[in-house]
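See below for model_35.cif, which holds mmCIF, C-alpha atoms, pLDDT in the B column; chains and numbers go by the auth columns.
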```cif
data_structure
#
loop_
_atom_site.group_PDB
_atom_site.id
_atom_site.type_symbol
_atom_site.label_atom_id
_atom_site.label_comp_id
_atom_site.label_asym_id
_atom_site.label_seq_id
_atom_site.Cartn_x
_atom_site.Cartn_y
_atom_site.Cartn_z
_atom_site.B_iso_or_equiv
_atom_site.auth_seq_id
_atom_site.auth_asym_id
ATOM 1 C CA MET A 1 -27.772 40.037 11.895 57.00 234 A
ATOM 2 C CA LEU A 2 -24.194 39.695 10.653 58.00 235 A
ATOM 3 C CA THR A 3 -22.765 40.660 14.029 61.00 236 A
ATOM 4 C CA THR A 4 -24.989 38.107 15.744 62.00 237 A
ATOM 5 C CA ARG A 5 -23.704 35.433 13.376 60.00 238 A
ATOM 6 C CA VAL A 6 -20.052 36.434 13.946 51.00 239 A
ATOM 7 C CA PHE A 7 -20.421 36.451 17.738 54.00 240 A
ATOM 8 C CA SER A 8 -22.209 33.100 17.522 64.00 241 A
ATOM 9 C CA LEU A 9 -19.315 31.550 15.584 53.00 242 A
ATOM 10 C CA ILE A 10 -16.717 33.074 17.920 58.00 243 A
ATOM 11 C CA GLY A 11 -18.608 31.750 20.926 56.00 244 A
ATOM 12 C CA LYS A 12 -18.795 28.253 19.449 54.00 245 A
ATOM 13 C CA ARG A 13 -15.084 28.359 18.641 57.00 246 A
ATOM 14 C CA ALA A 14 -14.217 29.474 22.164 51.00 247 A
ATOM 15 C CA ILE A 15 -16.356 26.726 23.699 52.00 248 A
ATOM 16 C CA SER A 16 -14.871 24.025 21.444 54.00 249 A
ATOM 17 C CA THR A 17 -11.334 25.239 22.232 55.00 250 A
ATOM 18 C CA LEU A 18 -12.120 25.226 25.949 50.00 251 A
ATOM 19 C CA VAL A 19 -13.466 21.673 25.697 50.00 252 A
ATOM 20 C CA CYS A 20 -10.311 20.536 23.848 52.00 253 A
ATOM 21 C CA VAL A 21 -8.045 22.143 26.446 50.00 254 A
ATOM 22 C CA GLN A 22 -10.001 20.536 29.275 55.00 255 A
ATOM 23 C CA ALA A 23 -9.998 17.166 27.545 54.00 256 A
ATOM 24 C CA HIS A 24 -6.223 17.127 27.151 57.00 257 A
ATOM 25 C CA GLY A 25 -5.549 18.406 30.641 59.00 258 A
ATOM 26 C CA GLY A 26 -3.863 21.615 29.599 62.00 259 A
ATOM 27 C CA VAL A 27 -2.702 23.506 26.575 68.00 260 A
ATOM 28 C CA VAL A 28 -2.004 21.303 23.601 66.00 261 A
ATOM 29 C CA LYS A 29 1.228 22.155 21.792 71.00 262 A
ATOM 30 C CA SER A 30 0.967 21.906 18.043 72.00 263 A
ATOM 31 C CA GLU A 31 3.934 21.641 15.757 71.00 264 A
ATOM 32 C CA ASP A 32 4.513 24.602 13.495 73.00 265 A
ATOM 33 C CA LEU A 33 4.217 23.091 10.045 76.00 266 A
ATOM 34 C CA ALA A 34 5.573 26.246 8.411 77.00 267 A
ATOM 35 C CA LEU A 35 9.036 25.344 9.718 78.00 268 A
ATOM 36 C CA PRO A 36 11.085 22.603 8.041 79.00 269 A
ATOM 37 C CA SER A 37 10.948 19.200 9.675 81.00 270 A
ATOM 38 C CA TYR A 38 13.470 16.363 9.823 80.00 271 A
ATOM 39 C CA VAL A 39 12.880 13.432 7.461 82.00 272 A
ATOM 40 C CA ASN A 40 15.346 10.694 6.457 81.00 273 A
ATOM 41 C CA ARG A 41 15.264 10.573 2.668 82.00 274 A
ATOM 42 C CA ARG A 42 17.837 9.372 0.160 80.00 275 A
ATOM 43 C CA ASP A 43 16.654 11.818 -2.483 83.00 276 A
ATOM 44 C CA TYR A 44 17.007 14.821 -0.151 80.00 277 A
ATOM 45 C CA PRO A 45 20.255 14.219 1.746 77.00 278 A
ATOM 46 C CA LEU A 46 21.097 17.726 3.006 79.00 279 A
ATOM 47 C CA LEU A 47 18.287 18.606 5.364 78.00 280 A
ATOM 48 C CA ASP A 48 17.381 22.086 6.583 79.00 281 A
ATOM 49 C CA VAL A 49 17.173 21.075 10.228 83.00 282 A
ATOM 50 C CA ALA A 50 19.218 18.831 12.479 84.00 283 A
ATOM 51 C CA HIS A 51 17.917 15.557 13.869 82.00 284 A
ATOM 52 C CA VAL A 52 18.623 16.579 17.473 85.00 285 A
ATOM 53 C CA LYS A 53 16.957 19.911 18.240 84.00 286 A
ATOM 54 C CA ASN A 54 17.777 20.266 21.952 87.00 287 A
ATOM 55 C CA LEU A 55 21.477 19.627 22.538 88.00 288 A
ATOM 56 C CA SER A 56 22.806 18.275 25.803 90.00 289 A
ATOM 57 C CA ALA A 57 25.873 19.769 27.510 92.00 290 A
ATOM 58 C CA SER A 58 28.233 17.185 25.987 90.00 291 A
ATOM 59 C CA GLN A 59 26.743 17.739 22.530 89.00 292 A
ATOM 60 C CA LYS A 60 27.164 21.521 22.901 90.00 293 A
ATOM 61 C CA ALA A 61 30.820 21.008 23.846 91.00 294 A
ATOM 62 C CA LEU A 62 31.288 18.757 20.842 89.00 295 A
ATOM 63 C CA LYS A 63 29.718 21.411 18.575 88.00 296 A
ATOM 64 C CA GLU A 64 32.254 23.932 19.931 89.00 297 A
ATOM 65 C CA LYS A 65 35.069 21.457 19.299 88.00 298 A
ATOM 66 C CA GLU A 66 33.741 21.045 15.744 86.00 299 A
ATOM 67 C CA LYS A 67 34.768 24.625 14.941 88.00 300 A
ATOM 68 C CA ASN A 68 38.456 23.603 15.316 87.00 301 A
ATOM 69 C CA PRO A 69 40.249 21.531 12.650 89.00 302 A
ATOM 70 C CA TRP A 70 38.558 18.173 12.122 85.00 303 A
ATOM 71 C CA SER A 71 41.888 16.356 12.253 87.00 304 A
ATOM 72 C CA SER A 72 41.846 16.890 16.024 88.00 305 A
ATOM 73 C CA LEU A 73 38.522 15.022 16.327 88.00 306 A
ATOM 74 C CA SER A 74 38.423 11.284 16.950 91.00 307 A
ATOM 75 C CA ILE A 75 36.314 8.956 14.819 91.00 308 A
ATOM 76 C CA ASP A 76 33.791 8.544 17.638 92.00 309 A
ATOM 77 C CA GLU A 77 33.406 12.323 17.904 90.00 310 A
ATOM 78 C CA LYS A 78 32.880 12.592 14.151 90.00 311 A
ATOM 79 C CA VAL A 79 30.207 9.885 14.342 89.00 312 A
ATOM 80 C CA GLU A 80 28.543 11.698 17.254 90.00 313 A
ATOM 81 C CA LEU A 81 28.533 14.956 15.248 88.00 314 A
ATOM 82 C CA HIS A 82 26.960 13.081 12.351 87.00 315 A
ATOM 83 C CA ARG A 83 24.296 11.652 14.701 87.00 316 A
ATOM 84 C CA ILE A 84 23.425 15.155 15.894 88.00 317 A
ATOM 85 C CA LYS A 85 22.716 16.264 12.337 86.00 318 A
ATOM 86 C CA PHE A 86 21.363 12.992 10.861 87.00 319 A
ATOM 87 C CA ASN A 87 19.453 10.060 12.305 86.00 320 A
ATOM 88 C CA GLU A 88 20.787 7.498 9.821 85.00 321 A
ATOM 89 C CA SER A 89 23.670 7.249 7.397 83.00 322 A
ATOM 90 C CA PHE A 90 23.181 6.317 3.742 83.00 323 A
ATOM 91 C CA ALA A 91 24.289 2.754 4.482 84.00 324 A
ATOM 92 C CA GLU A 92 21.654 2.476 7.217 85.00 325 A
ATOM 93 C CA MET A 93 18.969 3.976 4.973 84.00 326 A
ATOM 94 C CA ASN A 94 19.868 1.567 2.133 85.00 327 A
ATOM 95 C CA ARG A 95 19.952 -1.444 4.462 86.00 328 A
ATOM 96 C CA SER A 96 17.396 -4.016 3.448 86.00 329 A
ATOM 97 C CA THR A 97 14.525 -4.643 5.776 87.00 330 A
ATOM 98 C CA ASN A 98 12.436 -7.752 6.354 90.00 331 A
ATOM 99 C CA GLU A 99 9.243 -5.979 5.332 92.00 332 A
ATOM 100 C CA TRP A 100 9.047 -8.076 2.164 93.00 333 A
ATOM 101 C CA LYS A 101 8.478 -11.165 4.290 96.00 334 A
ATOM 102 C CA THR A 102 5.426 -9.571 5.872 96.00 335 A
ATOM 103 C CA VAL A 103 4.056 -8.508 2.497 97.00 336 A
ATOM 104 C CA VAL A 104 4.586 -11.937 0.928 97.00 337 A
ATOM 105 C CA GLY A 105 3.127 -13.649 3.997 97.00 338 A
ATOM 106 C CA ALA A 106 0.024 -11.457 3.956 98.00 339 A
ATOM 107 C CA ALA A 107 -0.411 -12.000 0.210 98.00 340 A
ATOM 108 C CA MET A 108 -0.124 -15.777 0.628 98.00 341 A
ATOM 109 C CA PHE A 109 -2.586 -15.708 3.524 98.00 342 A
ATOM 110 C CA PHE A 110 -5.195 -13.890 1.436 98.00 343 A
ATOM 111 C CA ILE A 111 -4.582 -16.116 -1.598 98.00 344 A
ATOM 112 C CA GLY A 112 -5.052 -19.182 0.616 98.00 345 A
ATOM 113 C CA PHE A 113 -8.191 -17.735 2.181 98.00 346 A
ATOM 114 C CA ILE A 114 -9.677 -16.976 -1.235 98.00 347 A
ATOM 115 C CA ALA A 115 -8.793 -20.505 -2.413 98.00 348 A
ATOM 116 C CA LEU A 116 -10.693 -21.928 0.574 98.00 349 A
ATOM 117 C CA VAL A 117 -13.667 -19.704 -0.223 97.00 350 A
ATOM 118 C CA LEU A 118 -13.640 -20.852 -3.855 97.00 351 A
ATOM 119 C CA ILE A 119 -13.486 -24.511 -2.813 95.00 352 A
ATOM 120 C CA TRP A 120 -16.397 -23.968 -0.412 95.00 353 A
ATOM 121 C CA VAL A 121 -18.403 -22.200 -3.131 95.00 354 A
ATOM 122 C CA LYS A 122 -17.730 -25.018 -5.603 92.00 355 A
ATOM 123 C CA HIS A 123 -18.948 -27.681 -3.152 91.00 356 A
ATOM 124 C CA HIS A 124 -21.836 -25.908 -1.445 91.00 357 A
ATOM 125 C CA VAL A 125 -23.146 -23.239 -3.829 92.00 358 A
ATOM 126 C CA TYR A 126 -22.866 -24.699 -7.307 89.00 359 A
ATOM 127 C CA GLY A 127 -24.961 -27.702 -8.190 85.00 360 A
ATOM 128 C CA PRO A 128 -23.872 -30.708 -10.231 87.00 361 A
ATOM 129 C CA ILE A 129 -22.731 -30.208 -13.815 88.00 362 A
ATOM 130 C CA PRO A 130 -25.761 -30.070 -16.153 91.00 363 A
ATOM 131 C CA HIS A 131 -26.488 -33.066 -18.363 91.00 364 A
ATOM 132 C CA THR A 132 -26.057 -30.878 -21.442 92.00 365 A
ATOM 133 C CA PHE A 133 -22.247 -31.037 -20.966 92.00 366 A
ATOM 134 C CA GLU A 134 -22.108 -34.815 -21.398 93.00 367 A
ATOM 135 C CA GLU A 135 -20.574 -36.196 -24.598 93.00 368 A
ATOM 136 C CA ASP A 136 -23.730 -38.086 -25.607 94.00 369 A
ATOM 137 C CA TRP A 137 -25.893 -34.982 -25.292 94.00 370 A
ATOM 138 C CA MET A 138 -23.423 -32.854 -27.269 91.00 371 A
ATOM 139 C CA ALA A 139 -23.319 -35.463 -30.057 88.00 372 A
ATOM 140 C CA LYS A 140 -27.142 -35.538 -30.195 91.00 373 A
ATOM 141 C CA GLN A 141 -27.231 -31.729 -30.232 90.00 374 A
ATOM 142 C CA THR A 142 -24.731 -31.580 -33.115 85.00 375 A
ATOM 143 C CA LYS A 143 -26.760 -34.154 -35.071 85.00 376 A
ATOM 144 C CA ARG A 144 -29.943 -32.138 -34.489 88.00 377 A
ATOM 145 C CA MET A 145 -28.250 -28.904 -35.657 85.00 378 A
ATOM 146 C CA LEU A 146 -27.129 -30.639 -38.869 83.00 379 A
ATOM 147 C CA ASP A 147 -30.578 -32.095 -39.480 83.00 380 A
ATOM 148 C CA VAL A 148 -32.221 -28.694 -39.051 84.00 381 A
ATOM 149 C CA LYS A 149 -29.492 -27.024 -41.191 81.00 382 A
ATOM 150 C CA VAL A 150 -28.573 -24.283 -38.700 81.00 383 A
ATOM 151 C CA SER A 151 -26.850 -21.343 -40.501 78.00 384 A
ATOM 152 C CA PRO A 152 -26.236 -23.103 -43.834 76.00 385 A
ATOM 153 C CA ILE A 153 -24.405 -20.129 -45.433 79.00 386 A
ATOM 154 C CA HIS A 154 -21.823 -18.883 -42.902 80.00 387 A
ATOM 155 C CA GLY A 155 -22.430 -20.908 -39.778 78.00 388 A
ATOM 156 C CA PHE A 156 -22.064 -24.373 -38.331 74.00 389 A
ATOM 157 C CA CYS A 157 -23.599 -26.331 -41.217 79.00 390 A
ATOM 158 C CA ALA A 158 -21.574 -24.491 -43.863 79.00 391 A
ATOM 159 C CA LYS A 159 -18.303 -25.689 -42.268 77.00 392 A
ATOM 160 C CA TRP A 160 -19.445 -29.298 -41.699 78.00 393 A
ATOM 161 C CA ASP A 161 -17.995 -32.006 -43.922 76.00 394 A
ATOM 162 C CA TYR A 162 -20.948 -34.271 -44.617 78.00 395 A
ATOM 163 C CA ASP A 163 -18.833 -36.922 -46.384 77.00 396 A
ATOM 164 C CA LYS A 164 -16.434 -37.468 -43.444 79.00 397 A
ATOM 165 C CA ASN A 165 -19.148 -36.619 -40.895 74.00 398 A
ATOM 166 C CA GLU A 166 -16.909 -34.203 -38.996 70.00 399 A
#
```
Would it be possible to restate this file's structure as structure tokens?
Amino acid sequence: MLTTRVFSLIGKRAISTLVCVQAHGGVVKSEDLALPSYVNRRDYPLLDVAHVKNLSASQKALKEKEKNPWSSLSIDEKVELHRIKFNESFAEMNRSTNEWKTVVGAAMFFIGFIALVLIWVKHHVYGPIPHTFEEDWMAKQTKRMLDVKVSPIHGFCAKWDYDKNE
């Protein structure tokens, strides 16, 4: 029974792999994630791998010239050597971007949309203000509470000044 199960799983795996290969039109190359990869980061400046992995003929010649004293290299050659190893310099990494404009714009868009929704809800969902919020009604309610002596020890009536009527 165990062997049947194993062969069943292997068969399913082989079929799914075959379907993937046929779907992509050939063998799909996957990156080996065990090897270090290139990432521009300010907190990790000295990377394990170079930015350019496959050097051209001129870049190979420049790498050979790099082994000689650097005083013989021009500034352009030094910059090109830096570009082989790194994608960006620290100044380019620290350069400000305009991403904040997108974030602020999106935030303002959503705040405006929510304001429109709240205005719509106020006009179309909520009814008129109840009559119990009118000044006359609240005065009558206060008078009634005093007449009935609501919470005479610690409550509303205990704090009422009957002489000044406030």
I'd like the contact shell of range 390-392 of chain A - 8 Å cut-off, all atoms listed in the file, skipping same-chain residues fewer than 6 positions apart - returned as an mmCIF file with C-alpha atoms, in the coordinates of the input.
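New file out_21.cif:
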```cif
data_model
loop_
_atom_site.group_PDB
_atom_site.id
_atom_site.type_symbol
_atom_site.label_atom_id
_atom_site.label_comp_id
_atom_site.auth_asym_id
_atom_site.auth_seq_id
_atom_site.Cartn_x
_atom_site.Cartn_y
_atom_site.Cartn_z
ATOM 1 C CA MET A 378 -28.250 -28.904 -35.657
ATOM 2 C CA LEU A 379 -27.129 -30.639 -38.869
ATOM 3 C CA LYS A 382 -29.492 -27.024 -41.191
ATOM 4 C CA VAL A 383 -28.573 -24.283 -38.700
ATOM 5 C CA SER A 384 -26.850 -21.343 -40.501
#
```
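Here CA of Thr375 in chain A and CA of Asn398 in chain A stand 10.8 Å from one another.
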- Rounded to one decimal place, report the CA of Trp353 in chain A-CA of Phe366 in chain A distance in Å.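 Distance between the two atoms: 22.5 Å.
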- Interatomic distance between CA of Phe389 in chain A and CA of Pro361 in chain A?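 Between these atoms lies a distance of 28.9 Å.
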- Item | Given the PyMOL selection byres ((chain A and resi 286) around 12), the residues it picks as a list in words | Ser270, Tyr271, Asp281, Val282, Ala283, His284, Val285, Asn287, Leu288, Ser289, Gln292, Lys293, Arg316, Ile317, Lys318, Phe319 and Asn320 of chain A
- Long-range neighbours of Leu295 in chain A as a list in words, 9 Å cut-off, all atoms listed in the file, 3 positions minimum in chain: Ala290, Ser291, Gln292, Lys298, Glu299, Glu310, Glu313 and Leu314 of chain A
- Neighbours of range 327-341 of chain A within 9 Å (only C-alpha atoms; same-chain residues fewer than 5 positions away dropped), as a list in words? Arg275, Ser322 and Phe346 of chain A
Coordinates of box centre and edge lengths for range 286-294 of chain A, 4 Å on every side, axis-aligned, as JSON:
```
{"center_x": 23.9, "center_y": 19.4, "center_z": 22.9, "size_x": 21.9, "size_y": 12.3, "size_z": 17.3}
```
